[in-house]
>>> print(open('run.tsv').read())   # TSV, C-alpha atoms
chain	number	residue	atom	x	y	z
A	15	MET	CA	109.34	77.68	101.93
A	16	PRO	CA	111.88	80.54	101.58
A	17	ALA	CA	115.37	79.94	102.89
A	18	LEU	CA	115.94	80.90	106.51
A	19	GLY	CA	118.29	83.84	107.02
A	20	PRO	CA	121.15	83.58	109.54
A	21	ARG	CA	119.25	85.38	112.32
A	22	ARG	CA	116.06	83.42	111.81
A	23	LEU	CA	117.97	80.13	111.58
A	24	ALA	CA	119.71	80.92	114.86
A	25	ALA	CA	116.39	81.73	116.51
A	26	VAL	CA	114.81	78.52	115.27
A	27	ALA	CA	117.81	76.51	116.43
A	28	ALA	CA	117.67	78.13	119.86
A	29	ALA	CA	113.98	77.34	120.15
A	30	LEU	CA	114.57	73.74	119.14
A	31	VAL	CA	117.19	73.35	121.89
A	32	LEU	CA	114.40	73.90	124.37
A	33	THR	CA	111.93	71.61	122.67
A	34	VAL	CA	113.93	68.95	120.82
A	35	THR	CA	112.95	65.38	121.33
A	36	ALA	CA	113.57	63.18	124.31
A	37	PRO	CA	114.79	59.67	123.54
A	38	ALA	CA	112.16	57.70	121.63
A	39	THR	CA	111.94	55.07	124.36
A	40	ALA	CA	110.80	57.65	126.90
A	41	ALA	CA	108.08	58.97	124.61
A	42	SER	CA	106.22	55.69	124.44
A	43	ALA	CA	104.23	56.19	127.62
A	44	ALA	CA	103.03	58.84	130.07
A	45	PRO	CA	105.20	59.56	133.15
A	46	ASP	CA	102.78	58.07	135.68
A	47	THR	CA	101.78	54.42	135.49
A	48	PRO	CA	98.17	53.76	136.53
A	49	ALA	CA	97.86	50.91	139.02
A	50	ALA	CA	95.94	48.81	136.50
A	51	LEU	CA	98.79	48.84	133.96
A	52	ARG	CA	102.22	47.24	133.82
A	53	GLU	CA	105.25	48.39	131.89
A	54	VAL	CA	106.48	46.03	129.18
A	55	LEU	CA	108.52	45.93	126.01
A	56	PHE	CA	106.94	45.32	122.62
A	57	VAL	CA	109.21	43.35	120.26
A	58	GLY	CA	108.18	43.33	116.60
A	59	ASN	CA	108.99	40.05	114.81
A	60	ASN	CA	108.99	41.39	111.28
A	61	TRP	CA	109.14	38.22	109.23
A	62	ASP	CA	106.56	36.10	111.05
A	63	GLY	CA	104.05	38.87	111.70
A	64	THR	CA	103.93	38.69	115.48
A	65	ALA	CA	104.88	40.90	118.40
A	66	ASP	CA	106.21	39.49	121.64
A	67	VAL	CA	105.38	41.28	124.87
A	68	ILE	CA	108.13	40.86	127.46
A	69	ASP	CA	108.95	42.23	130.88
A	70	SER	CA	110.63	45.65	130.70
A	71	GLY	CA	113.39	44.62	133.11
A	72	GLY	CA	114.59	41.85	135.39
A	73	ASP	CA	114.64	38.59	133.46
A	74	PHE	CA	112.82	40.16	130.47
A	75	GLY	CA	110.57	37.10	130.43
A	76	ARG	CA	107.88	36.74	127.78
A	77	ILE	CA	104.38	37.66	128.92
A	78	GLY	CA	102.47	37.00	125.72
A	79	ARG	CA	102.41	37.21	121.96
A	80	ILE	CA	100.00	38.85	119.53
A	81	ASN	CA	99.38	38.12	115.87
A	82	VAL	CA	99.72	41.47	114.07
A	83	ILE	CA	98.30	40.17	110.77
A	84	PRO	CA	94.93	38.65	111.75
A	85	ASP	CA	93.53	40.07	108.52
A	86	LYS	CA	96.26	38.58	106.32
A	87	GLU	CA	93.88	36.68	104.03
A	88	GLN	CA	91.86	39.80	103.25
A	89	ARG	CA	94.94	41.98	102.68
A	90	MET	CA	96.55	39.42	100.38
A	91	ALA	CA	93.37	39.13	98.30
A	92	GLU	CA	93.38	42.90	97.81
A	93	ILE	CA	97.05	42.95	96.85
A	94	LYS	CA	96.69	40.10	94.35
A	95	ALA	CA	93.77	41.89	92.72
A	96	ASP	CA	95.87	44.99	92.03
A	97	PRO	CA	98.86	44.41	89.68
A	98	ILE	CA	100.72	47.53	90.85
A	99	ARG	CA	100.30	46.69	94.52
A	100	TRP	CA	101.45	43.13	93.78
A	101	ILE	CA	104.60	44.41	92.10
A	102	TYR	CA	105.44	46.58	95.12
A	103	PHE	CA	104.60	43.77	97.55
A	104	MET	CA	107.02	41.44	95.77
A	105	GLY	CA	109.56	44.23	95.51
A	106	ILE	CA	109.53	44.63	99.30
A	107	ARG	CA	109.90	40.88	99.74
A	108	ASN	CA	112.86	40.61	97.38
A	109	SER	CA	114.75	43.75	98.42
A	110	VAL	CA	114.39	45.26	101.89
A	111	GLY	CA	112.72	42.06	103.14
A	112	GLU	CA	115.69	39.87	102.14
A	113	GLY	CA	113.29	37.30	100.65
A	114	HIS	CA	110.68	37.69	103.40
A	115	ASP	CA	107.50	39.71	103.79
A	116	GLN	CA	107.69	42.60	106.25
A	117	PHE	CA	104.70	42.41	108.55
A	118	VAL	CA	105.67	44.60	111.51
A	119	ASP	CA	108.05	47.51	111.53
A	120	ASP	CA	107.04	49.59	114.54
A	121	MET	CA	104.51	49.45	117.36
A	122	TYR	CA	103.22	51.47	120.33
A	123	ALA	CA	100.51	51.10	122.95
A	124	THR	CA	97.51	53.39	123.34
A	125	PRO	CA	97.58	55.46	126.56
A	126	ASP	CA	95.07	53.18	128.29
A	127	GLY	CA	96.99	50.05	127.32
A	128	SER	CA	94.03	48.53	125.51
A	129	ALA	CA	95.54	48.37	122.02
A	130	MET	CA	98.77	47.97	120.08
A	131	VAL	CA	99.23	50.27	117.08
A	132	VAL	CA	101.43	48.65	114.40
A	133	SER	CA	102.94	49.77	111.10
A	134	ARG	CA	103.01	46.94	108.55
A	135	PRO	CA	105.40	47.59	105.64
A	136	SER	CA	104.24	44.89	103.21
A	137	PHE	CA	100.58	45.82	103.74
A	138	ALA	CA	101.32	49.58	103.49
A	139	ASP	CA	99.18	50.38	106.51
A	140	VAL	CA	98.86	51.09	110.21
A	141	VAL	CA	96.44	49.08	112.34
A	142	SER	CA	95.23	49.21	115.91
A	143	LEU	CA	94.90	45.75	117.46
A	144	ASP	CA	92.72	45.10	120.50
A	145	LEU	CA	95.05	43.52	123.06
A	146	ALA	CA	92.18	41.60	124.67
A	147	THR	CA	90.86	39.97	121.50
A	148	GLY	CA	93.56	40.44	118.87
A	149	ALA	CA	91.01	41.96	116.47
A	150	VAL	CA	91.68	44.96	114.24
A	151	LYS	CA	90.07	48.08	115.76
A	152	TRP	CA	90.97	50.44	112.90
A	153	ARG	CA	93.14	50.46	109.81
A	154	PHE	CA	94.79	53.35	107.98
A	155	PRO	CA	96.29	52.65	104.51
A	156	VAL	CA	99.29	54.94	104.03
A	157	SER	CA	99.90	56.78	100.77
A	158	GLY	CA	102.11	54.82	98.43
A	159	TYR	CA	103.10	51.21	98.98
A	160	ARG	CA	105.08	50.83	102.21
A	161	ALA	CA	104.75	51.89	105.88
A	162	ASP	CA	107.85	52.31	108.05
A	163	HIS	CA	109.02	53.86	111.34
A	164	MET	CA	106.55	55.52	113.69
A	165	ALA	CA	106.62	57.84	116.70
A	166	VAL	CA	104.02	58.58	119.35
A	167	SER	CA	103.39	62.06	120.76
A	168	PRO	CA	104.35	62.69	124.40
A	169	ASP	CA	100.69	62.75	125.47
A	170	GLY	CA	100.08	59.46	123.67
A	171	THR	CA	97.23	60.79	121.54
A	172	ARG	CA	98.87	60.88	118.10
A	173	VAL	CA	101.08	58.54	116.12
A	174	ALA	CA	103.25	59.54	113.15
A	175	VAL	CA	104.15	57.03	110.45
A	176	SER	CA	106.53	57.29	107.50
A	177	ALA	CA	105.10	56.32	104.10
A	178	SER	CA	108.33	55.28	102.39
A	179	THR	CA	107.39	55.41	98.74
A	180	SER	CA	105.33	58.63	98.80
A	181	ASN	CA	107.81	60.78	100.79
A	182	THR	CA	105.08	61.57	103.30
A	183	VAL	CA	104.56	61.37	107.05
A	184	HIS	CA	100.97	60.81	108.20
A	185	VAL	CA	99.95	61.83	111.72
A	186	LEU	CA	96.98	59.88	113.09
A	187	ASP	CA	94.69	60.03	116.10
A	188	ILE	CA	95.85	56.96	118.03
A	189	GLU	CA	92.35	56.04	119.23
A	190	THR	CA	90.46	56.38	115.95
A	191	GLY	CA	93.07	56.12	113.19
A	192	ARG	CA	91.80	59.37	111.69
A	193	GLN	CA	94.47	61.46	109.99
A	194	VAL	CA	94.99	64.78	111.74
A	195	GLY	CA	97.75	65.99	109.42
A	196	SER	CA	100.59	65.10	107.08
A	197	PHE	CA	103.71	66.63	105.60
A	198	ALA	CA	106.23	66.12	102.81
A	199	THR	CA	109.74	64.82	103.52
A	200	GLY	CA	112.92	63.97	101.68
A	201	ASP	CA	113.24	60.67	99.81
A	202	LYS	CA	112.28	57.56	101.79
A	203	PRO	CA	111.21	58.98	105.18
A	204	HIS	CA	112.47	56.79	108.01
A	205	GLU	CA	112.80	57.74	111.69
A	206	ASN	CA	110.26	60.08	113.35
A	207	VAL	CA	110.67	61.77	116.73
A	208	PHE	CA	108.40	64.19	118.58
A	209	SER	CA	109.81	66.96	120.75
A	210	ARG	CA	109.36	66.53	124.49
A	211	ASP	CA	106.48	69.01	124.65
A	212	GLY	CA	104.92	67.73	121.44
A	213	ARG	CA	105.46	71.04	119.65
A	214	TYR	CA	107.76	69.76	116.91
A	215	LEU	CA	108.14	66.57	114.89
A	216	TRP	CA	111.45	65.55	113.34
A	217	ASN	CA	111.71	63.21	110.35
A	218	MET	CA	114.89	61.70	108.94
A	219	SER	CA	114.79	60.59	105.29
A	220	ILE	CA	117.37	58.02	104.19
A	221	GLY	CA	117.02	58.00	100.41
A	222	GLU	CA	117.32	54.93	98.20
A	223	VAL	CA	118.86	52.03	100.13
A	224	ASN	CA	117.87	49.11	97.93
A	225	ASN	CA	120.20	49.50	94.97
A	226	ALA	CA	123.81	48.44	94.54
A	227	LEU	CA	125.11	51.94	93.76
A	228	ASP	CA	126.96	51.99	97.06
A	229	ALA	CA	130.38	53.37	96.16
A	230	PRO	CA	131.07	56.78	97.77
A	231	TRP	CA	131.34	58.47	94.37
A	232	LEU	CA	127.80	57.28	93.56
A	233	ASP	CA	126.32	58.71	96.73
A	234	TRP	CA	124.49	61.38	94.73
A	235	THR	CA	122.25	58.65	93.27
A	236	LYS	CA	120.70	57.95	96.66
A	237	GLY	CA	118.32	60.91	96.46
A	238	ASP	CA	117.24	63.80	98.68
A	239	ARG	CA	118.24	62.92	102.25
A	240	ARG	CA	117.49	65.43	104.98
A	241	ILE	CA	116.01	66.05	108.38
A	242	THR	CA	112.65	67.80	108.15
A	243	VAL	CA	111.35	69.57	111.27
A	244	VAL	CA	107.70	70.60	111.30
A	245	ASP	CA	105.28	72.26	113.67
A	246	ALA	CA	103.32	69.31	115.09
A	247	THR	CA	100.08	71.31	115.16
A	248	THR	CA	100.07	72.97	111.74
A	249	PHE	CA	102.50	70.49	110.07
A	250	ARG	CA	104.24	73.41	108.41
A	251	GLN	CA	107.97	73.11	107.83
A	252	VAL	CA	110.07	74.86	110.46
A	253	LYS	CA	113.56	73.79	109.47
A	254	VAL	CA	115.46	71.51	107.08
A	255	ILE	CA	118.87	70.12	108.03
A	256	ASP	CA	121.02	68.73	105.20
A	257	MET	CA	123.85	66.79	106.81
A	258	ARG	CA	125.72	66.78	103.47
A	259	GLN	CA	126.75	70.38	104.10
A	260	ARG	CA	127.67	69.69	107.74
A	261	LEU	CA	129.74	66.62	106.85
A	262	ASP	CA	131.52	68.46	104.04
A	263	ALA	CA	132.37	71.24	106.49
A	264	ILE	CA	134.42	68.82	108.62
A	265	GLY	CA	136.11	67.17	105.65
A	266	LEU	CA	133.93	64.05	105.42
A	267	LYS	CA	132.81	64.42	101.81
A	268	ASP	CA	132.87	60.63	101.24
A	269	TYR	CA	130.49	59.88	104.13
A	270	SER	CA	126.78	59.31	103.54
A	271	ASP	CA	124.37	61.99	104.73
A	272	ALA	CA	121.50	59.51	105.21
A	273	VAL	CA	120.61	59.94	108.89
A	274	ARG	CA	119.48	56.61	110.41
A	275	PRO	CA	118.48	56.06	114.08
A	276	ALA	CA	119.20	58.98	116.40
A	277	ALA	CA	119.08	59.85	120.11
A	278	PHE	CA	118.88	63.23	121.83
A	279	SER	CA	120.70	64.23	125.00
A	280	PRO	CA	118.62	64.80	128.16
A	281	ASP	CA	119.26	68.57	128.03
A	282	GLU	CA	118.04	68.46	124.43
A	283	SER	CA	121.04	70.28	123.03
A	284	LYS	CA	122.78	67.41	121.20
A	285	LEU	CA	121.70	64.87	118.61
A	286	TYR	CA	123.64	61.62	118.24
A	287	PHE	CA	122.99	59.93	114.92
A	288	GLN	CA	124.14	57.14	112.63
A	289	VAL	CA	124.44	57.32	108.84
A	290	SER	CA	124.48	54.72	106.09
A	291	PHE	CA	127.69	52.67	105.65
A	292	PHE	CA	129.44	54.10	108.75
A	293	ASN	CA	130.62	52.06	111.72
A	294	GLY	CA	130.10	54.82	114.24
A	295	PHE	CA	128.04	57.93	114.92
A	296	PHE	CA	128.13	61.72	115.04
A	297	GLU	CA	127.32	64.37	117.63
A	298	TYR	CA	125.35	67.35	116.30
A	299	ASP	CA	124.91	70.60	118.25
A	300	VAL	CA	121.38	71.90	117.66
A	301	ALA	CA	122.03	75.53	118.63
A	302	THR	CA	125.12	76.03	116.49
A	303	ASP	CA	123.81	73.76	113.70
A	304	ARG	CA	127.06	71.83	113.25
A	305	ILE	CA	128.60	68.42	113.80
A	306	THR	CA	130.83	68.67	116.85
A	307	ARG	CA	132.27	65.16	117.28
A	308	THR	CA	132.75	61.97	115.27
A	309	LYS	CA	133.02	58.53	116.84
A	310	THR	CA	134.36	55.65	114.77
A	311	LEU	CA	133.71	52.26	116.33
A	312	PRO	CA	135.72	49.09	115.70
A	313	LYS	CA	135.19	47.00	112.61
A	314	ASN	CA	134.57	43.30	112.87
A	315	PRO	CA	137.33	41.67	110.78
A	316	ALA	CA	134.79	39.03	109.69
A	317	THR	CA	132.52	41.67	108.12
A	318	SER	CA	132.82	41.95	104.37
A	319	GLU	CA	134.10	45.26	103.07
A	320	ASP	CA	131.77	44.91	100.08
A	321	ARG	CA	129.21	47.62	100.86
A	322	THR	CA	126.64	46.00	98.58
A	323	THR	CA	126.41	43.11	101.08
A	324	TRP	CA	125.32	45.39	103.94
A	325	VAL	CA	121.57	45.18	104.49
A	326	ASN	CA	119.74	48.30	103.31
A	327	ASP	CA	122.99	50.33	103.35
A	328	SER	CA	123.28	49.88	107.12
A	329	ARG	CA	126.55	49.22	108.86
A	330	HIS	CA	125.34	50.26	112.31
A	331	HIS	CA	121.60	50.65	112.94
A	332	GLY	CA	120.34	51.35	116.45
A	333	ILE	CA	121.36	53.93	119.05
A	334	THR	CA	119.87	54.90	122.40
A	335	MET	CA	120.88	56.85	125.49
A	336	LYS	CA	120.83	56.07	129.20
A	337	PRO	CA	118.21	58.34	130.80
A	338	ASP	CA	120.81	60.27	132.82
A	339	GLY	CA	122.71	61.08	129.62
A	340	THR	CA	126.01	59.51	130.66
A	341	LYS	CA	126.07	56.54	128.28
A	342	LEU	CA	125.06	55.68	124.72
A	343	CYS	CA	124.32	52.18	123.49
A	344	VAL	CA	125.04	51.34	119.86
A	345	ALA	CA	123.95	48.39	117.73
A	346	GLY	CA	126.76	47.43	115.34
A	347	THR	CA	124.41	45.70	112.91
A	348	MET	CA	126.71	44.33	110.22
A	349	ASP	CA	129.62	43.96	112.67
A	350	ASP	CA	127.62	41.66	114.97
A	351	TYR	CA	128.16	43.46	118.25
A	352	ALA	CA	126.63	46.02	120.56
A	353	THR	CA	128.54	48.33	122.85
A	354	VAL	CA	128.02	50.96	125.54
A	355	VAL	CA	129.84	54.25	124.89
A	356	ASP	CA	130.76	56.84	127.52
A	357	ARG	CA	129.17	60.07	126.34
A	358	THR	CA	131.87	62.37	127.76
A	359	THR	CA	134.91	60.57	126.37
A	360	LEU	CA	133.22	58.61	123.57
A	361	GLN	CA	135.20	55.58	124.70
A	362	GLU	CA	133.42	52.33	123.93
A	363	GLY	CA	133.12	49.49	126.41
A	364	PRO	CA	133.25	45.76	125.72
A	365	LEU	CA	132.07	44.68	122.28
A	366	VAL	CA	129.23	42.33	123.21
A	367	PRO	CA	128.81	39.65	120.51
A	368	VAL	CA	125.25	39.69	119.16
A	369	SER	CA	123.81	38.55	115.84
A	370	LYS	CA	122.79	41.32	113.45
A	371	PRO	CA	121.45	43.71	116.10
A	372	TYR	CA	118.76	45.85	114.50
A	373	TRP	CA	117.68	48.23	117.26
A	374	ALA	CA	118.61	49.53	120.71
A	375	THR	CA	116.34	50.84	123.43
A	376	VAL	CA	116.38	51.37	127.20
A	377	SER	CA	114.84	49.04	129.78
A	378	GLY	CA	112.02	50.27	131.97
A	379	ASP	CA	114.31	50.90	134.95
A	380	GLY	CA	116.87	52.68	132.75
A	381	LYS	CA	119.68	50.35	133.84
A	382	SER	CA	120.01	48.27	130.68
A	383	CYS	CA	120.27	48.65	126.94
A	384	VAL	CA	118.06	46.18	125.10
A	385	VAL	CA	119.03	45.19	121.56
A	386	SER	CA	117.11	43.05	119.08
A	387	GLU	CA	119.20	40.24	117.59
A	388	SER	CA	117.53	39.82	114.23
A	389	GLY	CA	120.03	37.15	113.22
A	390	ALA	CA	119.37	34.97	116.28
A	391	ASP	CA	115.68	35.67	117.02
A	392	ARG	CA	116.22	36.98	120.52
A	393	VAL	CA	116.61	40.19	122.49
A	394	THR	CA	119.63	40.81	124.69
A	395	ALA	CA	120.07	43.12	127.68
A	396	ILE	CA	123.39	44.86	128.30
A	397	ASP	CA	124.14	46.53	131.63
A	398	PHE	CA	124.89	50.23	131.20
A	399	ALA	CA	127.18	50.21	134.25
A	400	THR	CA	129.47	47.36	133.17
A	401	GLY	CA	128.84	47.18	129.44
A	402	GLU	CA	128.37	43.44	129.78
A	403	LYS	CA	125.52	41.21	128.65
A	404	THR	CA	123.14	40.16	131.43
A	405	VAL	CA	120.44	38.06	129.71
A	406	SER	CA	119.08	36.96	126.34
A	407	VAL	CA	115.49	35.83	125.72
A	408	PRO	CA	114.05	34.11	122.63
A	409	VAL	CA	111.43	35.90	120.52
A	410	GLY	CA	109.94	35.43	117.03
A	411	ASP	CA	111.40	35.51	113.53
A	412	HIS	CA	113.62	38.53	112.80
A	413	PRO	CA	112.96	40.93	115.70
A	414	GLN	CA	113.52	44.55	114.77
A	415	ARG	CA	111.90	47.43	116.63
A	416	VAL	CA	111.67	47.27	120.45
A	417	ARG	CA	109.48	49.84	122.26
A	418	LEU	CA	108.48	50.49	125.87
A	419	ALA	CA	104.74	50.26	126.40
A	420	ARG	CA	102.05	49.65	129.03
A	421	VAL	CA	99.41	46.92	129.00
A	422	PRO	CA	96.77	45.76	131.50
A	423	ALA	CA	98.44	44.33	134.59
A	424	ASN	CA	96.89	40.87	134.14
A	425	TRP	CA	97.41	40.66	130.34
A	426	SER	CA	98.88	37.43	128.97
A	427	GLY	CA	97.49	37.14	125.44
A	428	PRO	CA	95.92	36.62	122.98
A	429	SER	CA	98.51	34.15	121.82
A	430	ALA	CA	99.71	33.66	118.25
A	431	GLY	CA	101.36	30.35	119.06
>>> encode(input="run.tsv", output="structure tokens")
Amino acid sequence: MPALGPRRLAAVAAALVLTVTAPATAASAAPDTPAALREVLFVGNNWDGTADVIDSGGDFGRIGRINVIPDKEQRMAEIKADPIRWIYFMGIRNSVGEGHDQFVDDMYATPDGSAMVVSRPSFADVVSLDLATGAVKWRFPVSGYRADHMAVSPDGTRVAVSASTSNTVHVLDIETGRQVGSFATGDKPHENVFSRDGRYLWNMSIGEVNNALDAPWLDWTKGDRRITVVDATTFRQVKVIDMRQRLDAIGLKDYSDAVRPAAFSPDESKLYFQVSFFNGFFEYDVATDRITRTKTLPKNPATSEDRTTWVNDSRHHGITMKPDGTKLCVAGTMDDYATVVDRTTLQEGPLVPVSKPYWATVSGDGKSCVVSESGADRVTAIDFATGEKTVSVPVGDHPQRVRLARVPANWSGPSAG
């Protein structure tokens, strides 16, 4: 695609202000809840291949659990029969999986609440699981050898999934699993977010995060890291944002430009995002195409300063916004805390001790931030108003992604144990 001229870039940026994504938690379900459905949170337990379904507020009690790898025996037989696939499977286990298989990265519900759609990194696929029976309804093998973050369109009809090793995002019909489109990204596509009206799809690529070349002067070895914005109907590229140039412009040449989790403001003019190795986040103005503020959060003195010990180049991984736009909630992954940040002043609240928090989302009533404690196998709710912890509930092995969803009102299984 030819480079955008200044006038065209400004026009595209202005258009994106009006259509840029709402927070990912809000996009997981339609605005009106049918009487037959209840709002819940899906919690993906990556290492044991289950997903807990818990209340979306209140005591966040567990409602049920589903096995997301009912076809494990068949998938493993296929992998063992293919030497290349076996090499990649073991590579995932021994690098990003920290010695474990990765069986669930992301998950959403279908609009009618009848199925859970799950991306499974180690099996390099996306499956739809019948919530009544636990059976696989459809399966889509992604290109390459690993599936990662997903996003669901505002109308709930399409799901986008990053194929990490092929630098591709696939967009699927959520009911049938049929691919409706795909597009190329930077190296190692990661987070995906649809615009509020479903017109655009944003992808953040994070580059190579599994090597030990972590010194700032070796940052160039991490690959092509960029935000790719495409038309969600034609899947043609609309805009590419290279944060390297924006960081250099404010004198932060030693900071990584690998954009990790991100959250948009309610008026859709600002993007708040984390990058590899940084204990903090940035504010990006979409219309002017520049970084406007930097927030550095406290370091935990117990955290090693050896960057090679930080999991997958993360220091902080997980950021979400209170629906009214007044507060942000940040997961300080390697620093073992989560905190609520005032959006106007960027002043953080209490540092709530949590164990390796991997994600942050908003409760169904919008009053709490919910973080997954991957180091303690639980999820914890933090009150946006006080910044204090309210409750923790146990879940499965190594919880990562947490998403709002809707399931049948009387659902309580199937159970995976």
>>> residues_around(input="run.tsv", residues="A:Lys151", least_positions_apart="2", cutoff="9 Å", atoms="only C-alpha atoms", output="CSV table (one decimal) with C-alpha atoms, in the frame of the given file")
chain,number,residue,atom,x,y,z
A,129,ALA,CA,95.5,48.4,122.0
A,141,VAL,CA,96.4,49.1,112.3
A,142,SER,CA,95.2,49.2,115.9
A,143,LEU,CA,94.9,45.8,117.5
A,144,ASP,CA,92.7,45.1,120.5
A,148,GLY,CA,93.6,40.4,118.9
A,149,ALA,CA,91.0,42.0,116.5
A,153,ARG,CA,93.1,50.5,109.8
A,189,GLU,CA,92.4,56.0,119.2
A,190,THR,CA,90.5,56.4,116.0
A,191,GLY,CA,93.1,56.1,113.2
>>> atom_distance(input="run.tsv", atom1="atom CA of A:Ala395", atom2="atom CA of A:His163")
22.5 Å
>>> atom_distance(input="run.tsv", atom1="atom CA of A:Asp201", atom2="atom CA of A:Asp256")
12.4 Å
>>> atom_distance(input="run.tsv", atom1="atom CA of A:Pro280", atom2="atom CA of A:Gly339")
5.7 Å
>>> residues_around(input="run.tsv", residues="A:Tyr102", least_positions_apart="6", cutoff="10 Å", atoms="all atoms listed in the file", output="PyMOL selection string")
chain A and resi 93+108+136-138+158-160+179
>>> residues_near_point(input="run.tsv", point="(101.1, 73.4, 111.0)", cutoff="12 Å", atoms="only C-alpha atoms", output="ChimeraX atom specification")
/A:185,194-197,213-215,243-252
>>> closest_residue(input="run.tsv", among="A:Arg134, A:Gly212, A:Asn224, A:Gly72", to="A:Arg89", atoms="only C-alpha atoms")
A:Arg134
>>> closest_atom_pairs(input="run.tsv", of="stretch 260-363 of chain A", to="stretch 110-120 of chain A", cutoff="12 Å", atoms="all atoms listed in the file", output="JSON lines")
{"residue": "A:Thr323", "atom": "CA", "partner": "A:Glu112", "partner_atom": "CA", "distance": 11.2}
{"residue": "A:Trp324", "atom": "CA", "partner": "A:Val110", "partner_atom": "CA", "distance": 11.1}
{"residue": "A:Val325", "atom": "CA", "partner": "A:Val110", "partner_atom": "CA", "distance": 7.6}
{"residue": "A:Asn326", "atom": "CA", "partner": "A:Val110", "partner_atom": "CA", "distance": 6.3}
{"residue": "A:Asp327", "atom": "CA", "partner": "A:Val110", "partner_atom": "CA", "distance": 10.1}
{"residue": "A:Ser328", "atom": "CA", "partner": "A:Val110", "partner_atom": "CA", "distance": 11.3}
>>> residues_around(input="run.tsv", residues="A:Glu387", least_positions_apart="5", cutoff="7 Å", atoms="all atoms listed in the file", output="list in words")
Val368, Ser369, Lys370, Pro371, Tyr372, Arg392, Val393 and Pro413 of chain A
>>> residues_near_point(input="run.tsv", point="(131.7, 56.7, 132.5)", cutoff="8 Å", atoms="all atoms listed in the file", output="number ranges by chain")
A: 340-341, 356-359
>>> residues_around(input="run.tsv", residues="stretch 317-322 of chain A", least_positions_apart="6", cutoff="9 Å", atoms="only C-alpha atoms", output="PyMOL selection string")
chain A and resi 225-229+291+328-329+348-350
>>> closest_residue(input="run.tsv", among="A:Thr235, A:Thr400, A:Thr242, A:Thr171", to="A:Asn206", atoms="all atoms listed in the file")
A:Thr242
